[in-house]
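Below you'll find the structure, written out as structure tokens, and then a few comments.
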Amino acid sequence: MKIAIFGLGYVGTVSAGCLAARGHQLIGVDPDEGKVRAVRDGRSPILEPGLSELLSQAVREGTLSATSDWERAVADSEMAWICVGTPSRENGDVDLRFVRGVCEQIAIGAKNHTRPYLVVLRSTVPPGTTRSVVTPILEENYGNTLGGNLDVCFHPEFLREGHGVEDFENPSRIVIGTDQRGVATTLSNLYTGFNAAVTRTDLETAELVKYCDNTWHALKVAFANEMGTVAESTGVDPGRLMEIFRDDRKLNISDAYLRPGFAFGGSCLPKDVRALRHFGRRQDLTLPLLESLLPSNDEHIDRALRRIVLEGRRRVGMLGLSFKASTDDLRESPLVELSERLIGKGFELRIFDQDVRLAALIGTNRDYVDRRLPHIAKMLVSSIEELVTESEILVVGHVRPEDRARLVRLAGDRPILDIGRVLARGPSPD
């Protein structure tokens, strides 16, 4: 396939070299004549192991060229990859001027094409950019709506500097954001022979997953550094601490706890986060990430409360009261906290939790709920049917998998707020 790569920076040059090595015809496009000359000469304009060898071989074999003439590049290609920079503005927003400029050029050049032309956006952009920024620019300059001979998709890159060639050749996954199955097929054909799954999703999810990845990586670094700070303050070896931490592949290094849902609670997590936070303060440590955990968790409870209030229905039926499914532990349950806030705002509350039996609660568990919800006996109902009958709106914290379809059927036209995000998924292993 003939492909024009707009932007001969890190992502663009690595992509050009790797695709050319697989027999595709590549044209690198960049206004920087220094980068253009380097690629023409088979030299890498960036430092990346193995890339210069790929470029020099591709130039010798005639599968790679470079130019600053964007019109010729579009005319001589079937697909354009946008790999230009998206730097930060002073306020943290993303500067899209390079993306905008390249989109204008590609659309103008594509006017003269009589065959389908695909625009592939690889630059990291905020969710909604492809649909609300890129698409209008392409349509305005192309003079027609997309979906005929011109189309666009978002294709995030997951290349690490210093490992770019390795990551391109051995991707963890291949993500294509598009509403058109044919577009996904065209792009995925480039990856024939790659040992990675191709995931097709909507534009916004594909855009956001790159930010999700990078934020997660930053979060991991910050977490390890803060735990290292705590360790050093008490004479513990930070490296040894995190080595033992990483040995747990069931919860610590796994997909556990990585499903969006409601706030955490229970007898362990809130207590231990508070204890470590207090320990850090006592040691005079600055631990911004650790300090943010409980306020962040509380915001999820507040957000759920705001959603319920906005619905304007006073009789609320809540499914789930314990801090997670398959337990009767009510200690520091976020659903108990939400219930208390709802009662405080004058809502009539009914609760169904198949695992909570008031007569069976003992010790600190019973003391906790009596203190937080002294009239809980009047709120608990014995079945989902009873809960639905007595409610105008249903709030789902957790519900057993076998009861989910029945709940939706019984609800009828009553609104369901799935704050635990459990209705559309299977049981969680965590």
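In the structure tokens, each chain is lettered A, B, ... as it comes, each chain's residues begin at 1, and ligands are numbered from 1 in order of appearance.
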
Where does DSSP see alpha helix (DSSP H) in range 160-340 of chain A, if you list the residues as a PyMOL selection string? chain A and resi 164-169+181-188+203-233+238-246+269-282+288-311+334-340

Write a file of the selected residues as an mmCIF file, in the first residue's frame, keeping C-alpha atoms.
```cif
data_model
loop_
_atom_site.group_PDB
_atom_site.id
_atom_site.type_symbol
_atom_site.label_atom_id
_atom_site.label_comp_id
_atom_site.auth_asym_id
_atom_site.auth_seq_id
_atom_site.Cartn_x
_atom_site.Cartn_y
_atom_site.Cartn_z
ATOM 1 C CA GLY A 164 9.906 2.202 19.237
ATOM 2 C CA VAL A 165 10.876 -0.307 16.561
ATOM 3 C CA GLU A 166 10.414 -3.196 18.980
ATOM 4 C CA ASP A 167 6.988 -1.893 20.057
ATOM 5 C CA PHE A 168 5.819 -1.342 16.476
ATOM 6 C CA GLU A 169 6.853 -4.848 15.437
ATOM 7 C CA ARG A 181 -16.230 -1.544 9.433
ATOM 8 C CA GLY A 182 -14.687 -1.156 5.974
ATOM 9 C CA VAL A 183 -12.257 1.463 7.263
ATOM 10 C CA ALA A 184 -11.144 -0.841 10.061
ATOM 11 C CA THR A 185 -10.607 -3.654 7.570
ATOM 12 C CA THR A 186 -8.485 -1.469 5.290
ATOM 13 C CA LEU A 187 -6.224 -0.373 8.129
ATOM 14 C CA SER A 188 -6.041 -3.754 9.861
ATOM 15 C CA LEU A 203 -13.485 7.187 17.855
ATOM 16 C CA GLU A 204 -13.715 8.605 21.354
ATOM 17 C CA THR A 205 -12.718 5.384 23.107
ATOM 18 C CA ALA A 206 -9.702 4.996 20.823
ATOM 19 C CA GLU A 207 -8.656 8.578 21.563
ATOM 20 C CA LEU A 208 -9.111 8.233 25.313
ATOM 21 C CA VAL A 209 -7.301 4.908 25.658
ATOM 22 C CA LYS A 210 -3.941 6.565 24.950
ATOM 23 C CA TYR A 211 -4.514 9.080 27.750
ATOM 24 C CA CYS A 212 -5.707 6.219 29.945
ATOM 25 C CA ASP A 213 -2.464 4.340 29.265
ATOM 26 C CA ASN A 214 -0.137 7.255 29.897
ATOM 27 C CA THR A 215 -1.979 8.443 32.994
ATOM 28 C CA TRP A 216 -1.845 4.924 34.402
ATOM 29 C CA HIS A 217 1.890 4.747 33.751
ATOM 30 C CA ALA A 218 2.374 8.109 35.460
ATOM 31 C CA LEU A 219 0.216 6.936 38.366
ATOM 32 C CA LYS A 220 2.329 3.801 38.781
ATOM 33 C CA VAL A 221 5.539 5.836 38.869
ATOM 34 C CA ALA A 222 4.065 8.280 41.398
ATOM 35 C CA PHE A 223 2.756 5.425 43.565
ATOM 36 C CA ALA A 224 6.095 3.605 43.571
ATOM 37 C CA ASN A 225 7.935 6.827 44.393
ATOM 38 C CA GLU A 226 5.609 7.743 47.264
ATOM 39 C CA MET A 227 5.796 4.242 48.729
ATOM 40 C CA GLY A 228 9.560 4.468 48.369
ATOM 41 C CA THR A 229 9.490 7.749 50.272
ATOM 42 C CA VAL A 230 7.474 6.155 53.075
ATOM 43 C CA ALA A 231 9.809 3.164 53.135
ATOM 44 C CA GLU A 232 12.968 5.269 53.372
ATOM 45 C CA SER A 233 11.509 7.298 56.234
ATOM 46 C CA PRO A 238 12.223 0.756 48.855
ATOM 47 C CA GLY A 239 13.435 -1.652 46.182
ATOM 48 C CA ARG A 240 12.825 -4.712 48.307
ATOM 49 C CA LEU A 241 9.400 -3.417 49.343
ATOM 50 C CA MET A 242 8.224 -3.003 45.754
ATOM 51 C CA GLU A 243 9.822 -6.285 44.710
ATOM 52 C CA ILE A 244 7.624 -8.113 47.208
ATOM 53 C CA PHE A 245 4.656 -5.953 46.143
ATOM 54 C CA ARG A 246 5.146 -6.979 42.502
ATOM 55 C CA LEU A 269 -9.004 -0.125 52.487
ATOM 56 C CA PRO A 270 -10.301 3.129 54.049
ATOM 57 C CA LYS A 271 -8.752 2.308 57.425
ATOM 58 C CA ASP A 272 -5.336 1.444 56.022
ATOM 59 C CA VAL A 273 -5.211 4.414 53.663
ATOM 60 C CA ARG A 274 -5.995 6.697 56.608
ATOM 61 C CA ALA A 275 -3.343 4.984 58.717
ATOM 62 C CA LEU A 276 -0.631 5.339 56.072
ATOM 63 C CA ARG A 277 -1.646 8.934 55.419
ATOM 64 C CA HIS A 278 -1.346 9.694 59.137
ATOM 65 C CA PHE A 279 1.998 7.914 59.299
ATOM 66 C CA GLY A 280 3.289 10.049 56.426
ATOM 67 C CA ARG A 281 2.138 13.240 58.100
ATOM 68 C CA ARG A 282 3.771 12.175 61.352
ATOM 69 C CA PRO A 288 0.112 14.167 47.296
ATOM 70 C CA LEU A 289 -1.046 10.949 45.647
ATOM 71 C CA LEU A 290 -1.741 9.193 48.929
ATOM 72 C CA GLU A 291 -3.507 12.291 50.270
ATOM 73 C CA SER A 292 -5.809 12.337 47.225
ATOM 74 C CA LEU A 293 -7.203 8.806 47.557
ATOM 75 C CA LEU A 294 -9.959 9.316 50.132
ATOM 76 C CA PRO A 295 -11.177 12.660 48.687
ATOM 77 C CA SER A 296 -11.302 11.024 45.247
ATOM 78 C CA ASN A 297 -13.265 8.099 46.654
ATOM 79 C CA ASP A 298 -15.714 10.410 48.419
ATOM 80 C CA GLU A 299 -16.321 12.284 45.168
ATOM 81 C CA HIS A 300 -17.819 9.120 43.657
ATOM 82 C CA ILE A 301 -20.381 9.044 46.468
ATOM 83 C CA ASP A 302 -21.171 12.721 45.948
ATOM 84 C CA ARG A 303 -21.501 12.196 42.203
ATOM 85 C CA ALA A 304 -24.000 9.389 42.741
ATOM 86 C CA LEU A 305 -25.967 11.580 45.141
ATOM 87 C CA ARG A 306 -26.099 14.412 42.610
ATOM 88 C CA ARG A 307 -27.345 12.046 39.905
ATOM 89 C CA ILE A 308 -30.154 10.792 42.139
ATOM 90 C CA VAL A 309 -31.153 14.318 43.172
ATOM 91 C CA LEU A 310 -31.289 15.419 39.528
ATOM 92 C CA GLU A 311 -33.788 12.653 38.736
ATOM 93 C CA PRO A 334 -19.974 3.519 50.453
ATOM 94 C CA LEU A 335 -23.570 2.392 49.973
ATOM 95 C CA VAL A 336 -24.240 2.927 53.674
ATOM 96 C CA GLU A 337 -22.717 6.391 53.315
ATOM 97 C CA LEU A 338 -24.844 7.121 50.249
ATOM 98 C CA SER A 339 -27.955 5.891 52.078
ATOM 99 C CA GLU A 340 -27.225 8.207 54.988
#
```

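Excluding Met318 in chain A itself and same-chain residues fewer than 3 positions from it, the residues having an atom within 8 Å of it are Leu321, Leu349, Arg350, Ile351, Phe352, Leu387, Leu394, Val395, Val396 and Gly397 of chain A, counting only C-alpha atoms.
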
Can you tell me which residues surround Asn170 in chain A at a distance of at most 8 Å, considering only C-alpha atoms, apart from same-chain residues fewer than 5 positions away, and format the answer as JSON, numbers by chain? {"A": [194, 195, 196]}

Please provide as JSON, numbers by chain all residues within 12 Å of Val422 in chain A, with the sequence filter that same-chain residues fewer than 6 positions apart are discarded (counting only C-alpha atoms). {"A": [259, 260, 261, 262, 319, 320, 324, 325, 395, 396, 397, 398, 399, 400, 401, 402, 403, 404, 405, 407, 408, 416, 428]}

Dump as a PDB file, in the first residue's frame, selection limited to C-alpha atoms:
```pdb
ATOM      1  CA  ARG A 259     -13.208  -1.984  36.328  1.00  0.00           C
ATOM      2  CA  PRO A 260     -14.941   1.380  36.710  1.00  0.00           C
ATOM      3  CA  GLY A 261     -17.667   1.244  39.313  1.00  0.00           C
ATOM      4  CA  PHE A 262     -18.557   2.748  42.665  1.00  0.00           C
ATOM      5  CA  LEU A 319     -29.800  -2.691  45.427  1.00  0.00           C
ATOM      6  CA  GLY A 320     -26.841  -3.564  47.602  1.00  0.00           C
ATOM      7  CA  LYS A 324     -19.171  -5.294  47.882  1.00  0.00           C
ATOM      8  CA  ALA A 325     -21.179  -8.248  46.620  1.00  0.00           C
ATOM      9  CA  VAL A 395     -30.020   2.660  42.293  1.00  0.00           C
ATOM     10  CA  VAL A 396     -27.793  -0.355  41.673  1.00  0.00           C
ATOM     11  CA  GLY A 397     -24.697  -0.698  43.803  1.00  0.00           C
ATOM     12  CA  HIS A 398     -24.360  -4.434  43.316  1.00  0.00           C
ATOM     13  CA  VAL A 399     -26.701  -7.270  42.438  1.00  0.00           C
ATOM     14  CA  ARG A 400     -26.161 -10.957  41.824  1.00  0.00           C
ATOM     15  CA  PRO A 401     -25.567 -11.906  38.169  1.00  0.00           C
ATOM     16  CA  GLU A 402     -28.593 -14.206  38.082  1.00  0.00           C
ATOM     17  CA  ASP A 403     -30.856 -11.341  39.228  1.00  0.00           C
ATOM     18  CA  ARG A 404     -29.745  -8.691  36.735  1.00  0.00           C
ATOM     19  CA  ALA A 405     -32.071  -9.532  33.848  1.00  0.00           C
ATOM     20  CA  LEU A 407     -34.312  -6.544  37.783  1.00  0.00           C
ATOM     21  CA  VAL A 408     -34.327  -4.810  34.409  1.00  0.00           C
ATOM     22  CA  ILE A 416     -32.158   2.675  36.775  1.00  0.00           C
ATOM     23  CA  SER A 428     -15.820  -9.364  38.802  1.00  0.00           C
TER      24      SER A 428
END
```

Secondary structure check, strand (DSSP E) residues of range 219-424 of chain A, as a PDB file with C-alpha atoms, in the first residue's frame:
```pdb
ATOM      1  CA  ARG A 315     -38.863   7.093  46.578  1.00  0.00           C
ATOM      2  CA  VAL A 316     -35.491   5.447  45.989  1.00  0.00           C
ATOM      3  CA  GLY A 317     -34.846   1.709  45.852  1.00  0.00           C
ATOM      4  CA  MET A 318     -31.229   0.688  46.392  1.00  0.00           C
ATOM      5  CA  LEU A 319     -29.800  -2.691  45.427  1.00  0.00           C
ATOM      6  CA  GLU A 348     -37.677   7.735  51.159  1.00  0.00           C
ATOM      7  CA  LEU A 349     -35.267   4.818  50.944  1.00  0.00           C
ATOM      8  CA  ARG A 350     -35.839   1.095  50.500  1.00  0.00           C
ATOM      9  CA  ILE A 351     -32.905  -1.333  50.343  1.00  0.00           C
ATOM     10  CA  PHE A 352     -32.499  -4.895  49.118  1.00  0.00           C
ATOM     11  CA  ILE A 393     -36.144   5.051  40.865  1.00  0.00           C
ATOM     12  CA  LEU A 394     -33.660   2.193  41.300  1.00  0.00           C
ATOM     13  CA  VAL A 395     -30.020   2.660  42.293  1.00  0.00           C
ATOM     14  CA  VAL A 396     -27.793  -0.355  41.673  1.00  0.00           C
ATOM     15  CA  ILE A 416     -32.158   2.675  36.775  1.00  0.00           C
ATOM     16  CA  LEU A 417     -28.947   4.348  37.928  1.00  0.00           C
TER      17      LEU A 417
END
```

What is the distance between CA of Pro116 in chain A and CA of Leu150 in chain A, in Å to one decimal?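 A separation of 5.8 Å between them.
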
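Among A:Gly420, A:Gly92, A:Gly62, A:Gly28, the residue with the shortest atom-to-atom distance to Ala263 in chain A, counting only C-alpha atoms, is A:Gly420.
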
Which neighbours of Val59 in chain A fall inside 12 Å, counting only C-alpha atoms, when residues of the same chain fewer than 2 positions from it are skipped, and could you give them as a count of residues only? 29

What's the 6 Å shell around Phe323 in chain A, counting only C-alpha atoms, without same-chain residues fewer than 3 positions away, as a VMD selection string? chain A and resid 265 to 266 330 333

Can you work out the spacing between CA of Glu139 in chain A and CA of Ala107 in chain A in Å, to one decimal? 7.4 Å

I'd like to know which of A:Phe264, A:Tyr117, A:Phe6, A:Tyr368 is closest to Tyr142 in chain A, using only C-alpha atoms. A:Tyr117

Between CA of Gly344 in chain A and CA of Gly412 in chain A, what distance in Å does the model show, to one decimal?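 A separation of 27.9 Å between them.
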
Determine, counting only C-alpha atoms, which protein, DNA and RNA residues have an atom within 12 Å of an atom of range 93-102 of chain A; residues of the same chain fewer than 6 positions away are not included. Present the result as a PyMOL selection string. chain A and resi 4-7+29-31+68-71+73-74+80-87+108-109+119-127+129-130+132-138+140-141
